[in-house]
Amino acid sequence: SDLCREMEYDDSAAVEEVICRVDDVPEGGMHEVELRGRKILIIREKGKFSAVNGLCAHYNWPLIQGVYSNGTIRCALHGACFNVTTGDIEDYPSFDGLNPFTVRKQGENLLISTTEKRLTSDRHTKPNWIRRLATEKPIIVVGGGPAAQSLVENLRMEGCRTPIIMMTKESVTPYDRVLLSKRMNIPAIPLRAVEFYTENHIDVRTNAEVTSIDPSKHTVTLADQSVYEYSKVVLAVGGAVRKLRNKGTDLKGVHTLRNHFDPASITADATGEDLVCIGASFIGMEAACALASEAKSVTVICTTSEPVPAFGDEIGRSIRLYFVNKGVKIITNARVSELRGEEGRVKEVHLVDGPIVPARCVVAGIGVDPDTAWLANCGIDLDKRGFIKVDECFATNKADVIAIGDCVSAPLPFFGVESINIQHFQTAQKHGLL
């Protein structure tokens, strides 16, 4: 197995220590211990013991707070699931697995056996065993989000030796976009270190905007007019943020939140000033929460009767009251008429049949559209909303052109659904696996 093969290359010092008593671990349950500064989770099932890292490999949440069932532990925070015997990922959103440890009984105690190397990390990244690539045209992956990242990793982990080129129009390698609206005062967190791509023979091209595809010639063309041939091309282009169309949206201080450089400019404009978030779904509400302690005032403009309408009125009401108690003002059933400024910078948000809201910084979180407008003349079928139409294998209507992630409309045969678009981090990762 990969685990046995990997352990053959682990020449670090062996570690063997008593970690707890046998009776500390309930039958069918879990027990958390600490070994040399690392949390370890011990599981007991039908008299057998297993052990893995005690923190989730996604956001380091304590797995002792999760749910154990049938040989897997599921994190309580975002639902990442791991096999407690191998440490492997059973369900996303984590990109990494856990380190497994050997546990055995020694009298009334439990003894753990591992190595120094395994104790240096709370997560386990599968190594790449490929040493030489095939001499063939590359697989080109267009995009740098979770679907693209999941795909290139899984291709290598499954032994694919074809050259891989990931092309992202952003200026940095793939990062955790989810955190942009949650922690606006910190830099974007890369999904992988640069060394990871080198070690796995993944050629990441930043500032590489693909502007067209010629399926008949098996080529892609970039904004700088450079042309690349491919054996297969995978479109994982995600979404393009919607922008306000009201008068005054070109004023300084008006922002959208999509790219890694957006949080810093928003924070700079909002600090000590009146902030207005237009839109009351995830981006608008998370931005309001993240900046509540920085801004002079925070107001959320909500077009529906309660924020986050996808959750229903009852949950939306609870969310609204929570934010109000934190000092955030939420105006419901409201629509923006225009933005007015002073000396080129936004000053007020005017509502239709509503109050004038002071605003020196505006964040528009009004959704995204599929980033597929550039495909209009490439012969690739899009649905009426602009999503790429794919079959159950994520193939498009053009040979060797595949599409995955937020930009696709795919069937769900198990549920009898002919076509559906699901924009979700874990779903995008799953597409990269399938």
# chains A, B, ... in the order shown; residues from 1 in each chain; ligands from 1
call {"tool": "closest_atom_pairs", "arguments": {"of": "region 392-432 of chain A", "to": "region 370-374 of chain A", "cutoff": "10 Å", "atoms": "only C-alpha atoms", "output": "JSON lines"}}
result
{"residue": "A:Asp406", "atom": "CA", "partner": "A:Pro370", "partner_atom": "CA", "distance": 7.3}
{"residue": "A:Cys407", "atom": "CA", "partner": "A:Pro370", "partner_atom": "CA", "distance": 5.1}
{"residue": "A:Val408", "atom": "CA", "partner": "A:Pro370", "partner_atom": "CA", "distance": 8.1}
{"residue": "A:Gln423", "atom": "CA", "partner": "A:Pro370", "partner_atom": "CA", "distance": 9.9}
call {"tool": "residues_around", "arguments": {"residues": "Tyr92 (chain A)", "least_positions_apart": "6", "cutoff": "8 Å", "atoms": "only C-alpha atoms", "output": "JSON, numbers by chain"}}
result
{"A": [79, 80, 81, 426, 429, 430]}
call {"tool": "closest_residue", "arguments": {"among": "A:Asn259, A:Asn185, A:Thr162, A:Thr249", "to": "Ile139 (chain A)", "atoms": "only C-alpha atoms"}}
result
A:Thr162
call {"tool": "closest_residue", "arguments": {"among": "A:Ile402, A:Val362, A:Val178, A:Leu98", "to": "Leu251 (chain A)", "atoms": "only C-alpha atoms"}}
result
A:Val362
call {"tool": "residues_around", "arguments": {"residues": "Arg335 (chain A)", "least_positions_apart": "4", "cutoff": "6 Å", "atoms": "only C-alpha atoms", "output": "number ranges by chain"}}
result
A: 303, 351-352
call {"tool": "write_last_selection", "arguments": {"atoms": "N, CA and C atoms", "output": "tab-separated table (two decimals), in the first residue's frame"}}
result
chain	number	residue	atom	x	y	z
A	303	THR	N	-32.34	42.75	0.38
A	303	THR	CA	-33.50	42.88	-0.51
A	303	THR	C	-34.68	42.02	-0.06
A	351	LEU	N	-31.56	54.60	-1.12
A	351	LEU	CA	-32.44	53.46	-1.30
A	351	LEU	C	-33.74	53.87	-1.98
A	352	VAL	N	-34.36	52.93	-2.69
A	352	VAL	CA	-35.67	53.18	-3.29
A	352	VAL	C	-36.69	53.25	-2.17
call {"tool": "closest_atom_pairs", "arguments": {"of": "region 221-337 of chain A", "to": "region 189-209 of chain A", "cutoff": "12 Å", "atoms": "only C-alpha atoms", "output": "JSON lines"}}
result
{"residue": "A:Thr221", "atom": "CA", "partner": "A:Glu209", "partner_atom": "CA", "distance": 8.6}
{"residue": "A:Leu222", "atom": "CA", "partner": "A:Glu209", "partner_atom": "CA", "distance": 5.4}
{"residue": "A:Ala223", "atom": "CA", "partner": "A:Glu209", "partner_atom": "CA", "distance": 5.6}
{"residue": "A:Asp224", "atom": "CA", "partner": "A:Glu209", "partner_atom": "CA", "distance": 8.2}
{"residue": "A:Gln225", "atom": "CA", "partner": "A:Glu209", "partner_atom": "CA", "distance": 10.0}
{"residue": "A:Ser226", "atom": "CA", "partner": "A:Ala208", "partner_atom": "CA", "distance": 9.7}
{"residue": "A:Val227", "atom": "CA", "partner": "A:Ala208", "partner_atom": "CA", "distance": 11.2}
{"residue": "A:Tyr228", "atom": "CA", "partner": "A:Ala208", "partner_atom": "CA", "distance": 11.4}
{"residue": "A:Val237", "atom": "CA", "partner": "A:Glu209", "partner_atom": "CA", "distance": 10.3}
{"residue": "A:Asn259", "atom": "CA", "partner": "A:Ile189", "partner_atom": "CA", "distance": 12.0}
{"residue": "A:His260", "atom": "CA", "partner": "A:Ile189", "partner_atom": "CA", "distance": 8.9}
{"residue": "A:Phe261", "atom": "CA", "partner": "A:Ile189", "partner_atom": "CA", "distance": 11.7}
call {"tool": "write_last_selection", "arguments": {"atoms": "N, CA and C atoms", "output": "PDB file, in the first residue's frame"}}
result
ATOM      1  N   THR A 221      -5.606  29.729 -26.283  1.00  0.00           N
ATOM      2  CA  THR A 221      -4.911  30.993 -26.530  1.00  0.00           C
ATOM      3  C   THR A 221      -5.056  31.881 -25.308  1.00  0.00           C
ATOM      4  N   LEU A 222      -3.959  32.518 -24.912  1.00  0.00           N
ATOM      5  CA  LEU A 222      -3.947  33.388 -23.743  1.00  0.00           C
ATOM      6  C   LEU A 222      -4.115  34.844 -24.154  1.00  0.00           C
ATOM      7  N   ALA A 223      -4.311  35.695 -23.157  1.00  0.00           N
ATOM      8  CA  ALA A 223      -4.508  37.122 -23.410  1.00  0.00           C
ATOM      9  C   ALA A 223      -3.303  37.747 -24.097  1.00  0.00           C
ATOM     10  N   ASP A 224      -2.114  37.184 -23.864  1.00  0.00           N
ATOM     11  CA  ASP A 224      -0.910  37.722 -24.516  1.00  0.00           C
ATOM     12  C   ASP A 224      -0.689  37.116 -25.899  1.00  0.00           C
ATOM     13  N   GLN A 225      -1.700  36.381 -26.386  1.00  0.00           N
ATOM     14  CA  GLN A 225      -1.712  35.757 -27.717  1.00  0.00           C
ATOM     15  C   GLN A 225      -0.815  34.521 -27.838  1.00  0.00           C
ATOM     16  N   SER A 226      -0.244  34.076 -26.744  1.00  0.00           N
ATOM     17  CA  SER A 226       0.520  32.827 -26.790  1.00  0.00           C
ATOM     18  C   SER A 226      -0.449  31.655 -26.917  1.00  0.00           C
ATOM     19  N   VAL A 227      -0.015  30.611 -27.619  1.00  0.00           N
ATOM     20  CA  VAL A 227      -0.870  29.462 -27.917  1.00  0.00           C
ATOM     21  C   VAL A 227      -0.230  28.196 -27.364  1.00  0.00           C
ATOM     22  N   TYR A 228      -1.055  27.352 -26.718  1.00  0.00           N
ATOM     23  CA  TYR A 228      -0.567  26.097 -26.148  1.00  0.00           C
ATOM     24  C   TYR A 228      -1.416  24.942 -26.662  1.00  0.00           C
ATOM     25  N   VAL A 237     -13.165  27.162 -14.305  1.00  0.00           N
ATOM     26  CA  VAL A 237     -13.010  28.616 -14.302  1.00  0.00           C
ATOM     27  C   VAL A 237     -13.825  29.326 -13.231  1.00  0.00           C
ATOM     28  N   ASN A 259     -11.021  38.536  -5.151  1.00  0.00           N
ATOM     29  CA  ASN A 259      -9.628  38.160  -5.332  1.00  0.00           C
ATOM     30  C   ASN A 259      -8.793  38.413  -4.083  1.00  0.00           C
ATOM     31  N   HIS A 260      -7.597  37.860  -4.079  1.00  0.00           N
ATOM     32  CA  HIS A 260      -6.764  37.873  -2.874  1.00  0.00           C
ATOM     33  C   HIS A 260      -6.378  39.272  -2.423  1.00  0.00           C
ATOM     34  N   PHE A 261      -6.379  40.249  -3.327  1.00  0.00           N
ATOM     35  CA  PHE A 261      -5.977  41.605  -2.956  1.00  0.00           C
ATOM     36  C   PHE A 261      -7.155  42.464  -2.486  1.00  0.00           C
TER      37      PHE A 261
END
call {"tool": "closest_residue", "arguments": {"among": "A:Lys398, A:Lys182, A:Phe387, A:Gly143", "to": "Leu291 (chain A)", "atoms": "only C-alpha atoms"}}
result
A:Lys182
call {"tool": "residues_around", "arguments": {"residues": "Val25 (chain A)", "least_positions_apart": "2", "cutoff": "12 Å", "atoms": "only C-alpha atoms", "output": "number ranges by chain"}}
result
A: 19-23, 27-33, 41-51, 64, 105, 108-110
